[in-house]
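File shown: coords13.cif (mmCIF, C-alpha atoms).
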```cif
data_coords
#
loop_
_atom_site.label_atom_id
_atom_site.label_comp_id
_atom_site.auth_asym_id
_atom_site.auth_seq_id
_atom_site.Cartn_x
_atom_site.Cartn_y
_atom_site.Cartn_z
CA MET L 20 0.00 0.00 0.00
CA GLN L 21 1.35 3.41 -0.96
CA PRO L 22 1.96 5.84 1.97
CA SER L 23 -0.57 8.33 0.64
CA THR L 24 -3.18 5.60 0.32
CA PHE L 25 -2.36 4.40 3.83
CA PHE L 26 -2.87 7.88 5.35
CA ARG L 27 -6.12 8.42 3.48
CA ALA L 28 -7.40 5.13 4.80
CA LEU L 29 -6.23 6.04 8.30
CA PHE L 30 -8.06 9.37 8.08
CA PHE L 31 -11.22 7.62 6.85
CA LEU L 32 -11.10 5.23 9.79
CA ALA L 33 -10.59 8.15 12.16
CA VAL L 34 -13.68 9.83 10.77
CA LEU L 35 -15.67 6.66 11.26
CA ALA L 36 -14.37 6.41 14.80
CA GLY L 37 -15.41 10.00 15.55
CA PHE L 38 -11.90 11.47 15.60
CA ALA L 39 -12.23 13.83 12.62
CA PRO L 40 -10.55 17.18 13.17
CA ALA L 41 -13.03 19.61 14.77
CA ALA L 42 -13.98 22.68 12.80
CA PRO L 43 -12.54 25.87 14.26
CA PRO L 44 -14.87 28.05 16.37
CA VAL L 45 -17.00 30.58 14.56
CA THR L 46 -15.75 34.03 15.58
CA ILE L 47 -18.54 36.46 16.42
CA TRP L 48 -17.96 40.13 17.16
CA VAL L 49 -20.59 41.96 19.22
CA SER L 50 -20.84 45.54 20.46
CA SER L 51 -21.69 45.31 24.17
CA ASP L 52 -21.20 43.17 27.25
CA ALA L 53 -24.94 42.43 27.27
CA ASP L 54 -24.67 41.05 23.74
CA LEU L 55 -21.58 39.07 24.74
CA LYS L 56 -23.57 37.28 27.43
CA TYR L 57 -26.52 36.80 25.09
CA TYR L 58 -24.50 35.22 22.27
CA GLN L 59 -22.59 33.02 24.69
CA ASN L 60 -25.95 31.67 25.82
CA MET L 61 -27.15 31.34 22.23
CA ALA L 62 -24.04 29.37 21.22
CA GLN L 63 -24.77 26.89 24.00
CA LEU L 64 -28.43 26.68 23.03
CA TYR L 65 -27.47 26.13 19.39
CA GLN L 66 -25.21 23.26 20.48
CA GLN L 67 -28.14 21.69 22.32
CA LYS L 68 -30.72 22.18 19.59
CA VAL L 69 -28.86 22.03 16.27
CA ASP L 70 -25.15 21.26 16.17
CA LYS L 71 -23.50 19.57 19.14
CA ASP L 72 -20.07 20.28 17.66
CA PHE L 73 -20.65 24.01 17.23
CA GLN L 74 -18.14 26.25 18.98
CA ALA L 75 -18.08 30.05 19.04
CA ASN L 76 -15.39 32.53 19.91
CA ILE L 77 -17.37 35.62 20.92
CA GLN L 78 -15.62 38.95 21.39
CA SER L 79 -17.14 42.19 22.65
CA PHE L 80 -16.03 45.67 21.56
CA GLY L 81 -17.34 49.08 22.44
CA PHE L 82 -20.15 50.36 20.24
CA THR L 83 -18.00 53.04 18.58
CA GLU L 84 -14.87 50.88 18.77
CA MET L 85 -16.33 48.19 16.54
CA PRO L 86 -15.99 49.99 13.15
CA ASP L 87 -12.33 50.83 13.82
CA LYS L 88 -11.50 47.26 14.84
CA LEU L 89 -13.34 45.84 11.85
CA SER L 90 -11.70 48.21 9.36
CA LEU L 91 -8.26 47.30 10.67
CA ALA L 92 -9.02 43.58 10.50
CA ILE L 93 -10.38 43.83 6.96
CA LYS L 94 -7.37 45.82 5.72
CA SER L 95 -4.79 43.61 7.40
CA GLY L 96 -6.56 40.28 6.97
CA ILE L 97 -5.49 39.41 10.52
CA ASN L 98 -7.88 38.12 13.19
CA THR L 99 -10.94 38.71 11.04
CA PRO L 100 -14.37 37.73 12.37
CA ASP L 101 -16.86 35.39 10.73
CA ILE L 102 -20.02 37.10 12.00
CA VAL L 103 -20.36 40.75 13.01
CA GLN L 104 -23.17 42.34 14.94
CA PHE L 105 -23.50 45.65 13.14
CA GLU L 106 -25.50 48.84 13.50
CA GLU L 107 -27.19 50.38 10.45
CA ILE L 108 -25.31 53.69 10.64
CA PHE L 109 -21.88 52.06 10.82
CA PHE L 110 -22.84 49.58 8.09
CA SER L 111 -23.17 52.48 5.67
CA LEU L 112 -19.41 53.13 6.00
CA TYR L 113 -18.76 49.98 3.96
CA LEU L 114 -20.91 50.82 0.95
CA LYS L 115 -18.25 52.61 -1.07
CA GLY L 116 -16.80 50.15 -3.54
CA GLU L 117 -17.00 46.42 -2.96
CA VAL L 118 -19.05 45.51 0.10
CA PRO L 119 -16.88 43.25 2.34
CA PHE L 120 -19.81 41.17 3.57
CA VAL L 121 -21.53 38.12 2.11
CA ASP L 122 -24.47 38.85 -0.17
CA LEU L 123 -27.28 37.09 1.70
CA THR L 124 -30.06 37.96 -0.76
CA ASP L 125 -30.63 34.46 -2.13
CA ARG L 126 -30.15 32.77 1.25
CA ILE L 127 -32.74 35.04 2.84
CA ALA L 128 -35.17 34.49 -0.04
CA ALA L 129 -35.04 30.72 0.61
CA SER L 130 -35.38 31.17 4.37
CA PRO L 131 -38.32 31.81 6.74
CA LEU L 132 -36.69 35.20 7.26
CA ALA L 133 -37.98 36.38 3.86
CA LYS L 134 -41.58 36.55 5.05
CA GLY L 135 -40.84 36.65 8.77
CA ILE L 136 -38.85 39.87 9.14
CA LEU L 137 -41.00 43.01 9.19
CA PRO L 138 -40.62 44.38 5.61
CA GLN L 139 -39.89 47.90 6.82
CA ARG L 140 -36.69 46.63 8.46
CA MET L 141 -35.12 44.76 5.54
CA GLY L 142 -33.67 47.94 4.09
CA LEU L 143 -31.22 48.39 6.97
CA PHE L 144 -28.59 46.22 5.31
CA THR L 145 -29.71 46.44 1.69
CA TRP L 146 -27.73 48.32 -0.94
CA LYS L 147 -28.35 48.44 -4.69
CA GLY L 148 -30.93 45.69 -4.45
CA ARG L 149 -28.74 43.23 -2.54
CA THR L 150 -29.05 42.40 1.15
CA TYR L 151 -25.94 41.87 3.27
CA GLY L 152 -27.36 41.48 6.77
CA VAL L 153 -30.35 40.37 8.82
CA PRO L 154 -31.93 42.96 11.15
CA GLN L 155 -32.40 41.64 14.68
CA SER L 156 -34.20 44.54 16.35
CA LEU L 157 -37.53 46.15 15.58
CA SER L 158 -36.25 49.54 16.85
CA SER L 159 -39.74 51.05 16.82
CA VAL L 160 -39.67 54.47 18.49
CA VAL L 161 -41.99 55.29 21.36
CA LEU L 162 -42.34 58.00 23.98
CA TRP L 163 -40.87 56.74 27.25
CA TYR L 164 -42.34 58.65 30.19
CA ARG L 165 -42.32 58.79 33.98
CA ALA L 166 -45.82 57.66 34.98
CA ASP L 167 -45.41 58.86 38.57
CA MET L 168 -44.43 62.38 37.53
CA PHE L 169 -47.17 62.51 34.90
CA LYS L 170 -49.71 61.59 37.57
CA SER L 171 -48.48 64.21 40.03
CA LEU L 172 -48.66 66.87 37.30
CA GLY L 173 -52.08 65.78 36.05
CA ILE L 174 -50.78 64.70 32.64
CA SER L 175 -52.39 61.80 30.79
CA PRO L 176 -50.90 60.03 27.74
CA LYS L 177 -54.07 61.10 25.90
CA ASP L 178 -52.97 64.70 26.41
CA LEU L 179 -49.97 63.97 24.16
CA SER L 180 -51.70 62.35 21.19
CA THR L 181 -50.35 64.94 18.71
CA TRP L 182 -47.19 67.05 18.61
CA ASP L 183 -49.30 70.20 18.93
CA LYS L 184 -50.71 68.86 22.19
CA PHE L 185 -47.26 67.71 23.29
CA GLU L 186 -45.95 71.25 22.86
CA ALA L 187 -48.94 72.76 24.67
CA VAL L 188 -48.38 70.49 27.67
CA GLY L 189 -44.67 71.32 27.65
CA GLN L 190 -45.36 75.05 27.62
CA SER L 191 -47.80 74.68 30.52
CA LEU L 192 -44.96 73.34 32.68
CA LYS L 193 -42.95 76.58 32.47
CA HIS L 194 -44.32 78.01 35.68
CA LYS L 195 -43.34 74.80 37.46
CA HIS L 196 -39.77 75.18 36.19
CA MET L 197 -39.96 71.82 34.43
CA MET L 198 -39.41 70.68 30.86
CA LEU L 199 -41.21 67.85 29.14
CA THR L 200 -38.25 66.21 27.44
CA ALA L 201 -34.52 66.27 26.73
CA MET L 202 -33.25 65.95 23.18
CA ASP L 203 -30.21 65.60 20.99
CA TRP L 204 -29.42 65.15 17.28
CA SER L 205 -31.32 61.85 17.11
CA TYR L 206 -34.67 63.65 17.36
CA LEU L 207 -34.23 65.23 13.93
CA ASP L 208 -33.64 61.84 12.32
CA ILE L 209 -36.50 60.21 14.23
CA LEU L 210 -39.11 62.88 13.60
CA LEU L 211 -38.18 63.26 9.94
CA ARG L 212 -38.67 59.53 9.41
CA GLN L 213 -41.94 59.68 11.29
CA ARG L 214 -43.16 62.32 8.86
CA GLY L 215 -42.35 60.03 5.92
CA TYR L 216 -39.01 61.53 4.87
CA ASP L 217 -35.31 60.96 5.50
CA LEU L 218 -31.94 62.69 5.65
CA TYR L 219 -31.00 61.13 2.29
CA ASN L 220 -32.50 58.87 -0.35
CA ALA L 221 -31.49 55.63 -2.06
CA GLN L 222 -29.94 57.60 -4.93
CA GLY L 223 -27.44 59.18 -2.55
CA VAL L 224 -28.98 62.67 -2.48
CA ALA L 225 -28.58 64.50 0.82
CA PHE L 226 -31.71 66.18 2.21
CA PRO L 227 -33.88 65.41 -0.82
CA ASP L 228 -36.86 67.04 0.91
CA SER L 229 -35.11 70.02 2.44
CA VAL L 230 -38.34 71.95 3.00
CA VAL L 231 -39.58 69.29 5.42
CA THR L 232 -36.15 68.94 7.02
CA VAL L 233 -36.04 72.69 7.67
CA ASP L 234 -39.58 72.65 9.03
CA THR L 235 -38.78 69.76 11.40
CA TRP L 236 -35.54 71.36 12.57
CA LYS L 237 -37.30 74.67 13.26
CA ARG L 238 -39.93 72.81 15.24
CA LEU L 239 -37.21 71.39 17.47
CA VAL L 240 -35.68 74.85 17.86
CA SER L 241 -39.08 76.09 19.03
CA TRP L 242 -39.08 73.38 21.70
CA ILE L 243 -35.94 74.94 23.12
CA ASN L 244 -37.28 78.49 22.82
CA ASP L 245 -40.57 77.58 24.52
CA SER L 246 -38.93 75.52 27.30
CA VAL L 247 -40.57 72.32 26.10
CA ALA L 248 -37.18 70.59 25.84
CA PHE L 249 -33.55 71.07 26.79
CA VAL L 250 -30.28 69.81 25.35
CA PRO L 251 -27.92 68.12 27.86
CA ASP L 252 -24.78 70.10 28.66
CA ARG L 253 -22.43 67.31 27.64
CA GLY L 254 -23.05 64.50 25.20
CA GLY L 255 -26.48 63.29 24.24
CA ILE L 256 -29.28 61.22 25.68
CA PHE L 257 -27.38 58.00 24.93
CA GLU L 258 -24.54 58.73 27.36
CA PRO L 259 -24.43 57.14 30.85
CA GLY L 260 -23.66 60.59 32.26
CA PHE L 261 -26.99 61.88 30.97
CA PHE L 262 -28.85 59.41 33.14
CA ALA L 263 -26.70 60.18 36.19
CA ASN L 264 -27.01 63.96 35.80
CA TYR L 265 -30.59 64.37 34.62
CA VAL L 266 -32.74 61.24 34.64
CA GLN L 267 -31.97 60.04 38.14
CA SER L 268 -32.54 63.55 39.53
CA ASN L 269 -36.12 63.69 38.13
CA SER L 270 -35.20 66.37 35.58
CA VAL L 271 -36.66 64.36 32.69
CA LEU L 272 -40.36 63.63 32.26
CA SER L 273 -40.19 61.84 28.91
CA LEU L 274 -37.75 60.70 26.24
CA ILE L 275 -38.15 59.76 22.59
CA GLY L 276 -36.31 56.55 21.76
CA PRO L 277 -36.55 53.08 20.18
CA ASP L 278 -37.51 49.86 21.96
CA TRP L 279 -33.90 49.07 22.90
CA TYR L 280 -33.46 52.51 24.45
CA GLY L 281 -35.96 51.65 27.16
CA LEU L 282 -35.28 47.94 27.47
CA ASP L 283 -31.53 48.42 27.66
CA MET L 284 -30.45 51.96 28.55
CA ILE L 285 -33.29 53.28 30.74
CA GLN L 286 -33.66 49.96 32.53
CA ASN L 287 -29.91 49.67 33.22
CA PHE L 288 -28.96 53.30 33.84
CA ASP L 289 -31.95 54.46 35.90
CA THR L 290 -32.27 51.78 38.56
CA THR L 291 -33.59 54.32 41.09
CA HIS L 292 -36.98 54.51 39.37
CA VAL L 293 -38.05 50.89 39.14
CA GLY L 294 -41.74 50.61 38.31
CA LYS L 295 -42.14 54.28 37.39
CA TRP L 296 -41.39 54.28 33.66
CA ARG L 297 -43.95 53.53 30.94
CA ALA L 298 -44.13 53.76 27.16
CA MET L 299 -46.74 55.08 24.73
CA PRO L 300 -46.96 55.61 20.96
CA LEU L 301 -45.39 58.77 19.61
CA PRO L 302 -47.60 61.84 19.26
CA VAL L 303 -48.59 62.13 15.61
CA TRP L 304 -48.02 64.85 13.02
CA THR L 305 -51.29 66.29 11.74
CA ASP L 306 -50.00 68.82 9.18
CA SER L 307 -50.33 68.50 5.41
CA LEU L 308 -46.59 67.94 4.85
CA SER L 309 -46.46 64.76 6.92
CA HIS L 310 -47.34 61.42 5.32
CA GLY L 311 -49.30 58.66 7.01
CA HIS L 312 -49.73 60.22 10.44
CA ARG L 313 -47.59 57.49 11.98
CA ASN L 314 -47.51 56.99 15.74
CA THR L 315 -43.97 55.60 15.63
CA SER L 316 -40.67 55.89 13.80
CA SER L 317 -37.39 53.97 13.68
CA PHE L 318 -33.83 54.60 14.78
CA SER L 319 -30.49 52.78 14.80
CA GLY L 320 -31.23 49.10 14.29
CA GLN L 321 -28.70 46.30 14.67
CA GLY L 322 -28.27 43.07 12.73
CA LEU L 323 -25.83 40.35 11.77
CA VAL L 324 -23.53 40.31 8.73
CA ILE L 325 -21.00 37.68 7.60
CA PHE L 326 -17.48 38.63 6.51
CA LYS L 327 -17.05 37.79 2.84
CA LYS L 328 -13.62 36.15 3.31
CA SER L 329 -14.74 33.99 6.21
CA PRO L 330 -13.69 30.34 5.75
CA GLN L 331 -16.95 29.31 7.44
CA VAL L 332 -19.62 31.18 5.52
CA GLU L 333 -22.18 28.35 5.41
CA ARG L 334 -21.68 27.44 9.06
CA SER L 335 -22.01 31.10 10.01
CA TRP L 336 -25.17 31.50 7.93
CA LYS L 337 -26.82 28.51 9.59
CA PHE L 338 -26.20 30.06 12.99
CA VAL L 339 -27.43 33.50 11.87
CA GLU L 340 -30.60 32.04 10.40
CA TRP L 341 -31.23 30.01 13.54
CA VAL L 342 -30.65 32.81 16.06
CA MET L 343 -32.98 35.09 14.09
CA THR L 344 -35.82 32.58 13.83
CA ASP L 345 -35.63 30.38 16.92
CA PRO L 346 -38.42 31.19 19.43
CA ASP L 347 -36.20 30.84 22.49
CA ALA L 348 -33.49 33.01 20.96
CA ASN L 349 -35.97 35.79 20.17
CA VAL L 350 -37.66 35.70 23.56
CA ASP L 351 -34.39 35.59 25.50
CA ARG L 352 -33.11 38.69 23.75
CA TYR L 353 -36.21 40.61 24.82
CA LEU L 354 -36.42 39.28 28.38
CA GLN L 355 -32.77 39.98 29.13
CA GLY L 356 -33.45 43.66 28.44
CA ASN L 357 -31.92 44.13 25.02
CA SER L 358 -34.35 44.70 22.13
CA PHE L 359 -37.59 43.51 20.58
CA SER L 360 -37.35 41.08 17.66
CA ALA L 361 -38.07 42.11 14.07
CA TYR L 362 -39.08 38.49 13.32
CA ARG L 363 -42.90 38.55 13.30
CA PRO L 364 -43.63 34.82 13.87
CA SER L 365 -42.01 35.10 17.29
CA TRP L 366 -44.41 37.79 18.45
CA THR L 367 -47.14 35.30 19.32
CA ASP L 368 -44.97 33.64 21.97
CA LEU L 369 -46.75 34.17 25.29
CA ARG L 370 -43.46 34.73 27.09
CA PHE L 371 -43.30 38.19 25.52
CA SER L 372 -46.28 39.08 27.71
CA GLN L 373 -44.44 38.43 30.95
CA PRO L 374 -44.82 41.46 33.25
CA ASN L 375 -41.76 43.66 33.61
CA PRO L 376 -41.67 45.23 37.08
CA PHE L 377 -39.36 48.02 35.92
CA PHE L 378 -42.08 49.34 33.59
CA GLY L 379 -44.92 48.87 36.07
CA ASN L 380 -45.78 45.49 34.54
CA GLN L 381 -46.82 47.17 31.28
CA ASN L 382 -47.06 44.81 28.32
CA LEU L 383 -44.41 46.52 26.20
CA ALA L 384 -44.36 43.71 23.64
CA GLN L 385 -48.01 44.37 22.84
CA LEU L 386 -47.27 48.05 22.32
CA PHE L 387 -44.38 47.27 19.98
CA THR L 388 -46.42 44.83 17.89
CA ASP L 389 -49.37 47.24 17.70
CA ILE L 390 -47.30 50.09 16.26
CA ALA L 391 -44.98 47.97 14.09
CA PRO L 392 -47.15 48.18 10.92
CA ASN L 393 -46.86 51.97 11.09
CA MET L 394 -43.06 52.00 11.01
CA PRO L 395 -41.40 53.78 8.08
CA TYR L 396 -39.37 51.89 5.49
CA THR L 397 -35.62 52.37 5.88
CA VAL L 398 -33.16 52.85 3.02
CA GLN L 399 -29.37 52.79 3.09
CA SER L 400 -26.74 55.04 1.60
CA PRO L 401 -23.00 55.68 1.94
CA LEU L 402 -24.11 59.15 3.11
CA HIS L 403 -25.85 57.76 6.18
CA ALA L 404 -22.93 57.76 8.63
CA LEU L 405 -21.45 60.93 7.17
CA ILE L 406 -24.59 63.01 7.68
CA ILE L 407 -25.24 61.57 11.13
CA ASN L 408 -21.68 62.30 12.21
CA LEU L 409 -21.87 65.90 10.98
CA LEU L 410 -25.16 66.43 12.80
CA ARG L 411 -23.94 64.83 16.00
CA GLU L 412 -20.53 66.46 16.18
CA GLN L 413 -21.28 69.94 14.90
CA TYR L 414 -24.39 71.06 13.12
CA PHE L 415 -27.36 70.03 15.24
CA LEU L 416 -26.24 72.03 18.26
CA SER L 417 -25.22 75.03 16.17
CA VAL L 418 -28.81 75.29 14.90
CA VAL L 419 -30.66 74.78 18.20
CA GLN L 420 -28.28 77.24 19.87
CA HIS L 421 -29.09 79.84 17.18
CA GLN L 422 -25.57 79.94 15.76
CA ALA L 423 -26.82 78.88 12.32
CA THR L 424 -30.09 78.38 10.46
CA PRO L 425 -31.35 75.03 9.17
CA GLU L 426 -31.25 76.37 5.61
CA ASN L 427 -27.60 77.45 5.82
CA THR L 428 -26.64 74.26 7.62
CA ILE L 429 -28.17 72.03 4.96
CA SER L 430 -26.25 73.96 2.30
CA ALA L 431 -23.02 73.61 4.30
CA ILE L 432 -23.45 69.85 4.74
CA ARG L 433 -24.23 69.41 1.06
CA ALA L 434 -21.09 71.36 0.17
CA GLN L 435 -18.96 69.18 2.44
CA ILE L 436 -20.39 66.03 0.91
CA ALA L 437 -19.78 67.31 -2.61
CA GLN L 438 -16.20 68.23 -1.76
CA MET L 439 -15.51 64.83 -0.20
CA THR L 440 -17.10 62.97 -3.11
CA PHE L 441 -15.13 64.98 -5.66
CA GLY L 442 -11.94 64.39 -3.71
CA GLN L 443 -12.47 60.64 -3.68
CA ARG L 444 -13.16 60.57 -7.41
CA GLY L 445 -10.07 62.65 -8.09
CA GLN L 446 -7.88 60.33 -6.06
CA GLN L 447 -9.29 57.29 -7.83
CA SER L 448 -8.63 58.81 -11.26
CA GLY L 449 -5.20 60.11 -10.33
CA THR L 450 -6.17 63.78 -10.56
CA LYS L 451 -6.06 66.42 -7.87
CA PRO L 452 -9.28 67.04 -5.93
#
```

Is it possible to express this structure as structure tokens?
Amino acid sequence: MQPSTFFRALFFLAVLAGFAPAAPPVTIWVSSDADLKYYQNMAQLYQQKVDKDFQANIQSFGFTEMPDKLSLAIKSGINTPDIVQFEEIFFSLYLKGEVPFVDLTDRIAASPLAKGILPQRMGLFTWKGRTYGVPQSLSSVVLWYRADMFKSLGISPKDLSTWDKFEAVGQSLKHKHMMLTAMDWSYLDILLRQRGYDLYNAQGVAFPDSVVTVDTWKRLVSWINDSVAFVPDRGGIFEPGFFANYVQSNSVLSLIGPDWYGLDMIQNFDTTHVGKWRAMPLPVWTDSLSHGHRNTSSFSGQGLVIFKKSPQVERSWKFVEWVMTDPDANVDRYLQGNSFSAYRPSWTDLRFSQPNPFFGNQNLAQLFTDIAPNMPYTVQSPLHALIINLLREQYFLSVVQHQATPENTISAIRAQIAQMTFGQRGQQSGTKP
């Protein structure tokens, strides 16, 4: 027997005896410690239910650290992940040129995910007709409010059914030296989507409906002028310091944010007010410019993508498909205080109705499912992260602090985008920008 034949036979016998070399662990990158714990549990559950040989190497990075780590790994080809938990804004950074993630369009079409995921959410990771990720959170926006403070002030959720009424209630609190809400740059994005518009369109045009953007921005400026809202001194409403400085001291009556904002951030960062928070649909726009009169919006959804050069694409896809569709996986993510699933078949699971003492035993899952059909459709663009970053770091505050007008700001952002785009084209063609 030739040596090569001998070793092949030996390997075959080893396989039969159960000694085949184990596949390497699937490397999964997540963006928080809560997600680290969740996916560790899901890897174990997947072993029990689907693949007893499945192993996962799960690594957690900071939310804003993730894009930098991923970019470095992609460029160097060293220590690259197989699966990445990604946020829609950061995903847009990878839409210039070849997308470095697996095109999942055909796999999704052949999966229960095709009909199961709420259609409005599928655009989060879709670019030029191809889908590169599966959204895991509904991210429907609601008005989170302090029920105890509302009661003491004689405010009912019915009093806030429209934005006009919301503003009237906020103005009535002036003499009590209180403001109805705190806000940051995210409110412009949220309210614009609620009205049926966006900061950009699928063709890559920034502020395609500038009249509505200006109108929305001016409305937010009026909230500041009329003492309906305030802007935190440092950072935004997503910073831990905001909760320590304002929320825990009873300086905030309500906050506009997606499902995960309440389930994760409010629940974890405001432990002094257990049982006192509630949620309600957003007040609606009733003007002629707004489309649909939605009582919700969307903001910053996460999902899973697979690195294109992963040596374990099929194995990674099987895990992604399972964790997005399995009933236990969907329920556990909600009950651990993370987010509400975008996978509609899971919504009928009675465990979603379990009372949550933090929110006064309100059935939040029922609220999320009731408003889900009213959510706006989301589109992607390479401009997404760029515009958001400019708003967050510079322009939103300059407008609400009366240092610039919305009209001038939109023109300035458009000019920056045009300059950057021209510069990139010049570099690619070998000419000066």

Selection: 10 Å around L:Val293, all atoms listed in the file, excl. self and same-chain fewer than 4 positions, as a ChimeraX atom specification = /L:285-286,289,375-379

Excluding stretch 105-116 of chain L and residues on its chain fewer than 6 positions from it, collect all residues at most 8 Å away from it, counting all atoms listed in the file, and give them as a list in words.
->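 These residues fall inside the cut-off: Val49, Ser50, Pro86, Leu143, Phe144, Trp146, Ser319, Gly320, Gln321, Gly322, Leu323, Val324, Gln399, Ser400, Pro401, Leu402, His403, Ala404 and Ile407 of chain L.
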
Between L:Gln422, L:Ser130, L:Ser360, L:Ser273, which one has atoms that come closest to L:Leu157, using all atoms listed in the file?
->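 With all atoms listed in the file as the atom set, the closest residue is L:Ser360.
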
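Against this structure, the PyMOL selection byres ((chain L and resi 74) around 7) ends up with Pro44, Val45, Asp72, Phe73, Ala75 and Asn76 of chain L.
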
Would you please work out which residue, of L:Lys134, L:Ser51, L:Leu162, L:Thr145, is nearest to L:Leu272 when using all atoms listed in the file?
->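 Looking only at the distances to L:Leu272, the closest residue turns out to be L:Leu162.
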
Give as a VMD selection string the residues that the PyMOL selection byres ((chain L and resi 383) around 12) matches when applied to the coordinates above.
-> chain L and resid 159 161 to 163 277 to 279 281 to 282 296 to 300 353 to 354 356 358 to 359 366 370 to 382 384 to 390

Provide the atom CA of L:Ala92 to atom CA of L:Arg352 distance in Å, to one decimal place.
->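 Separation between atom CA of L:Ala92 and atom CA of L:Arg352: 27.9 Å.
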
Among listed residues L:Ala437, L:Ala361, L:Val419, L:Leu409, nearest L:Leu218 (using all atoms listed in the file) |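 Of all the options, L:Leu409 lies closest to L:Leu218.
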
Of the residues L:Val69, L:Met198, L:Val240, L:Ile136, which is the one nearest to L:Ala391, using only C-alpha atoms?
->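 Between L:Val69, L:Met198, L:Val240, L:Ile136, the residue approaching L:Ala391 most closely is L:Ile136.
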
Got a sec: who's within 10 Å of L:Val418, counting all atoms listed in the file, leaving out chain neighbours fewer than 4 positions off, as an MDAnalysis selection string?
-> chainID L and resid 236:237 239:240 410 413:414 422:428

Near L:Ile325, counting all atoms listed in the file, which residues have an atom at most 10 Å away, once you skip same-chain residues fewer than 6 positions from it, shown as a ChimeraX atom specification?
-> /L:47,100-104,119-123,151-153,331-333,335-336,339

Take the residues that were just selected and, keeping C-alpha atoms, output them as an mmCIF file, in the frame of the given file.
```
data_model
loop_
_atom_site.group_PDB
_atom_site.id
_atom_site.type_symbol
_atom_site.label_atom_id
_atom_site.label_comp_id
_atom_site.auth_asym_id
_atom_site.auth_seq_id
_atom_site.Cartn_x
_atom_site.Cartn_y
_atom_site.Cartn_z
ATOM 1 C CA ILE L 47 -18.540 36.460 16.420
ATOM 2 C CA PRO L 100 -14.370 37.730 12.370
ATOM 3 C CA ASP L 101 -16.860 35.390 10.730
ATOM 4 C CA ILE L 102 -20.020 37.100 12.000
ATOM 5 C CA VAL L 103 -20.360 40.750 13.010
ATOM 6 C CA GLN L 104 -23.170 42.340 14.940
ATOM 7 C CA PRO L 119 -16.880 43.250 2.340
ATOM 8 C CA PHE L 120 -19.810 41.170 3.570
ATOM 9 C CA VAL L 121 -21.530 38.120 2.110
ATOM 10 C CA ASP L 122 -24.470 38.850 -0.170
ATOM 11 C CA LEU L 123 -27.280 37.090 1.700
ATOM 12 C CA TYR L 151 -25.940 41.870 3.270
ATOM 13 C CA GLY L 152 -27.360 41.480 6.770
ATOM 14 C CA VAL L 153 -30.350 40.370 8.820
ATOM 15 C CA GLN L 331 -16.950 29.310 7.440
ATOM 16 C CA VAL L 332 -19.620 31.180 5.520
ATOM 17 C CA GLU L 333 -22.180 28.350 5.410
ATOM 18 C CA SER L 335 -22.010 31.100 10.010
ATOM 19 C CA TRP L 336 -25.170 31.500 7.930
ATOM 20 C CA VAL L 339 -27.430 33.500 11.870
#
```

Just how far from atom CA of L:Asp203 is atom CA of L:Gly254, in Å to one decimal?
->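 Between atom CA of L:Gly254 and atom CA of L:Asp203 the gap is 8.4 Å.
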
Given the file above and the PyMOL selection byres ((chain L and resi 206-209) around 8), which residues are selected, and can you give them as a list in words?
-> Val160, Met202, Asp203, Trp204, Ser205, Leu210, Leu211, Arg212, Gln213, Asp217, Leu218, Thr235, Trp236, Leu239, Ile275, Ser316, Ser317 and Phe318 of chain L

Selection: 7 Å around stretch 259-271 of chain L, all atoms listed in the file, excl. self and same-chain fewer than 2 positions, as a PyMOL selection string = chain L and resi 199-201+255-257+273+288-289+291
